[in-house]
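Enquirer: Pasting in a structure now, in structure tokens, and then I'll have a few things to ask.
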Amino acid sequence: MQVSTKFTIAIHILAAAEYFGGDYRITSSFLSNSIGSNPVIIRNIMSDLQSAGIIETKRGTGGITVSRPLNEISFLDVYNAVETNNSSELFKFHEHTNPNCPVGRVIHEALGKELGNIQTEFEKELKKRKVSEVYDEIIELNTNRG
């Protein structure tokens, strides 16, 4: 199973916006320095976050702000916002099984329920986790490192 880097970049964007927002204008260029990624990639992810209502873009002066407290933004909110290339199903089935094969003709049915249960548990775990947990850990790690 793989979740793209868009998810972790989005969490990074939110944490950085919270951390630096009071002192700096948070733009894709600013964020690309922290993230180590191209500003175009950052802008695309910011666009996804904005479409989901997680961030707001300031007109005129530019920059972003987080639209609600980080403890109200779950990992699932972020995942759903940025993993738009994924369908609603976490696991993809191979499509052209052999209907004459005793395994091929029923594999989707035999495996589908279990994979559906795994996806449900995955989404429950993502929903439990809040972006504020990451932000708090960033603060603690920086405090301990002086």
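How things are named: the first chain in the structure tokens is A, the next is B, and so on; residues count from 1 in each chain; ligands count from 1 in the order shown.
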Please provide the set of residues having any atom within 10 Å of Pro39 (chain A), restricted to only C-alpha atoms, with same-chain residues fewer than 4 positions apart removed, written as number ranges by chain.
Expert: A: 27-33, 35, 43-45
Enquirer: Export, as a JSON list (two decimals), in the first residue's frame, the selected residues with C-alpha atoms.
Expert:
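Saved the output as part_13.json:
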```
[["chain", "number", "residue", "atom", "x", "y", "z"],
["A", 27, "THR", "CA", 3.68, 31.33, -0.13],
["A", 28, "SER", "CA", 4.59, 28.36, -2.29],
["A", 29, "SER", "CA", 8.12, 29.78, -2.63],
["A", 30, "PHE", "CA", 8.45, 30.13, 1.13],
["A", 31, "LEU", "CA", 7.14, 26.60, 1.68],
["A", 32, "SER", "CA", 9.32, 25.07, -1.04],
["A", 33, "ASN", "CA", 12.39, 26.10, 0.96],
["A", 35, "ILE", "CA", 9.78, 21.20, 2.07],
["A", 43, "ARG", "CA", 0.96, 25.27, -5.38],
["A", 44, "ASN", "CA", -0.91, 22.22, -6.69],
["A", 45, "ILE", "CA", -1.20, 20.75, -3.21]]
```
Enquirer: Using only C-alpha atoms, which residues of region 44-84 of chain A come within 9 Å of region 7-12 of chain A, and what is the closest atom pair for each, with the distance in Å to one decimal? Give it as CSV, sorted by chain and residue number.
Expert:
```
residue,atom,partner,partner_atom,distance
A:Ile45,CA,A:Ala10,CA,6.5
A:Met46,CA,A:Ala10,CA,7.5
A:Leu49,CA,A:Ala10,CA,7.6
A:Phe75,CA,A:Ile11,CA,8.1
A:Val78,CA,A:Phe7,CA,6.8
A:Tyr79,CA,A:Phe7,CA,5.9
A:Ala81,CA,A:Phe7,CA,8.7
A:Val82,CA,A:Phe7,CA,6.3
A:Glu83,CA,A:Phe7,CA,7.0
```
Enquirer: Store the residues picked out above, limited to N, CA, C and O atoms, as a PDB file, in the first residue's frame.
Expert:
```pdb
ATOM      1  N   ILE A  45      -0.687  21.310  -4.465  1.00  0.00           N
ATOM      2  CA  ILE A  45      -1.196  20.750  -3.207  1.00  0.00           C
ATOM      3  C   ILE A  45      -1.965  21.813  -2.432  1.00  0.00           C
ATOM      4  O   ILE A  45      -3.019  21.536  -1.852  1.00  0.00           O
ATOM      5  N   MET A  46      -1.460  23.050  -2.445  1.00  0.00           N
ATOM      6  CA  MET A  46      -2.183  24.152  -1.798  1.00  0.00           C
ATOM      7  C   MET A  46      -3.564  24.327  -2.428  1.00  0.00           C
ATOM      8  O   MET A  46      -4.545  24.574  -1.725  1.00  0.00           O
ATOM      9  N   LEU A  49      -5.803  21.708  -1.025  1.00  0.00           N
ATOM     10  CA  LEU A  49      -6.176  22.049   0.357  1.00  0.00           C
ATOM     11  C   LEU A  49      -7.188  23.188   0.396  1.00  0.00           C
ATOM     12  O   LEU A  49      -8.110  23.179   1.207  1.00  0.00           O
ATOM     13  N   PHE A  75      -6.148  13.726   9.795  1.00  0.00           N
ATOM     14  CA  PHE A  75      -5.348  13.186   8.702  1.00  0.00           C
ATOM     15  C   PHE A  75      -6.267  12.760   7.551  1.00  0.00           C
ATOM     16  O   PHE A  75      -5.890  12.874   6.390  1.00  0.00           O
ATOM     17  N   VAL A  78      -7.058  15.665   5.319  1.00  0.00           N
ATOM     18  CA  VAL A  78      -5.922  15.968   4.447  1.00  0.00           C
ATOM     19  C   VAL A  78      -5.805  14.918   3.350  1.00  0.00           C
ATOM     20  O   VAL A  78      -5.636  15.245   2.175  1.00  0.00           O
ATOM     21  N   TYR A  79      -5.916  13.666   3.731  1.00  0.00           N
ATOM     22  CA  TYR A  79      -5.831  12.566   2.766  1.00  0.00           C
ATOM     23  C   TYR A  79      -6.888  12.737   1.666  1.00  0.00           C
ATOM     24  O   TYR A  79      -6.584  12.655   0.478  1.00  0.00           O
ATOM     25  N   ALA A  81      -8.332  15.415   0.741  1.00  0.00           N
ATOM     26  CA  ALA A  81      -8.091  16.640  -0.024  1.00  0.00           C
ATOM     27  C   ALA A  81      -7.027  16.453  -1.095  1.00  0.00           C
ATOM     28  O   ALA A  81      -7.188  16.942  -2.213  1.00  0.00           O
ATOM     29  N   VAL A  82      -5.959  15.754  -0.774  1.00  0.00           N
ATOM     30  CA  VAL A  82      -4.821  15.724  -1.698  1.00  0.00           C
ATOM     31  C   VAL A  82      -4.660  14.439  -2.488  1.00  0.00           C
ATOM     32  O   VAL A  82      -4.007  14.443  -3.523  1.00  0.00           O
ATOM     33  N   GLU A  83      -5.224  13.379  -2.026  1.00  0.00           N
ATOM     34  CA  GLU A  83      -5.083  12.120  -2.759  1.00  0.00           C
ATOM     35  C   GLU A  83      -6.217  11.973  -3.769  1.00  0.00           C
ATOM     36  O   GLU A  83      -6.924  10.983  -3.803  1.00  0.00           O
TER      37      GLU A  83
END
```
Enquirer: Between A:Phe91, A:Val103, A:Ile26, A:Ile138, single out the one closest to Lys58 (chain A), counting only C-alpha atoms.
Expert: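 Going through A:Phe91, A:Val103, A:Ile26, A:Ile138 one by one, the smallest distance to Lys58 (chain A) is for A:Ile26.
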Enquirer: Give the strand (DSSP E) residues of region 29-138 of chain A, as DSSP finds them on the backbone, and put them as an mmCIF file with N, CA and C atoms, in the first residue's frame.
Expert:
```cif
data_model
loop_
_atom_site.group_PDB
_atom_site.id
_atom_site.type_symbol
_atom_site.label_atom_id
_atom_site.label_comp_id
_atom_site.auth_asym_id
_atom_site.auth_seq_id
_atom_site.Cartn_x
_atom_site.Cartn_y
_atom_site.Cartn_z
ATOM 1 N N ILE A 55 -7.338 25.381 3.833
ATOM 2 C CA ILE A 55 -6.581 26.637 3.871
ATOM 3 C C ILE A 55 -7.338 27.704 3.099
ATOM 4 N N GLU A 56 -6.959 28.947 3.367
ATOM 5 C CA GLU A 56 -7.509 30.085 2.635
ATOM 6 C C GLU A 56 -6.349 30.853 2.023
ATOM 7 N N THR A 57 -6.569 31.365 0.824
ATOM 8 C CA THR A 57 -5.559 32.173 0.155
ATOM 9 C C THR A 57 -5.937 33.630 0.305
ATOM 10 N N ILE A 64 -1.033 32.117 2.489
ATOM 11 C CA ILE A 64 -2.136 31.268 2.947
ATOM 12 C C ILE A 64 -2.261 31.334 4.460
ATOM 13 N N THR A 65 -3.448 30.970 4.909
ATOM 14 C CA THR A 65 -3.691 30.743 6.328
ATOM 15 C C THR A 65 -4.484 29.449 6.457
ATOM 16 N N VAL A 66 -4.328 28.801 7.581
ATOM 17 C CA VAL A 66 -5.109 27.595 7.862
ATOM 18 C C VAL A 66 -6.493 28.053 8.266
#
```
Enquirer: Measuring atom to atom with only C-alpha atoms, identify which of A:Gly62, A:Gly146, A:Pro102, A:Pro69 is nearest to Leu14 (chain A).
Expert: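 Distance minimum relative to Leu14 (chain A) lands on A:Pro69.
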Enquirer: Quick one, how far is CA of Lys130 (chain A) from CA of Asn80 (chain A)?
Expert: 13.8 Å
Enquirer: Between A:Thr143, A:Ser4, A:Glu89, A:Arg129, which has the minimum distance to Asn71 (chain A) (counting only C-alpha atoms)?
Expert: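 For Asn71 (chain A), the nearest of the given residues is A:Arg129.
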Enquirer: Expressed in Å to a single decimal, how great is the separation between CA of Glu72 (chain A) and CA of Val40 (chain A)?
Expert: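 So the two atoms, CA of Glu72 (chain A) and CA of Val40 (chain A), lie 27.3 Å apart.
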Enquirer: Please determine, counting only C-alpha atoms, which residue among A:Thr97, A:Gly116, A:Ile54, A:Ser34 has the shortest atom-to-atom distance to Ala16 (chain A).
Expert: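 Checking each of A:Thr97, A:Gly116, A:Ile54, A:Ser34 against Ala16 (chain A), counting only C-alpha atoms, the winner is A:Ser34.
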Enquirer: Between CA of Leu76 (chain A) and CA of Ala17 (chain A), what is the spacing in Å?
Expert: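 Spanning CA of Ala17 (chain A) to CA of Leu76 (chain A) is a straight-line distance of 18.9 Å.
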Enquirer: Please identify the alpha helix (DSSP H) residues within chain A (assignment by DSSP from backbone atoms) and present them as a ChimeraX atom specification.
Expert: /A:5-20,28-35,39-51,75-82,107-128,131-145
Enquirer: Would you kindly return, as a list in words, each protein, DNA or RNA residue with an atom no farther than 10 Å from any atom of region 105-115 of chain A, considering only C-alpha atoms and excluding same-chain residues fewer than 6 positions away?
Expert: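 Contacts, in chain order: Glu89, Leu90, Phe91, Lys92, Phe93, His94, Glu95, His96, Thr97, Asn98, Pro99 and Glu121 of chain A.
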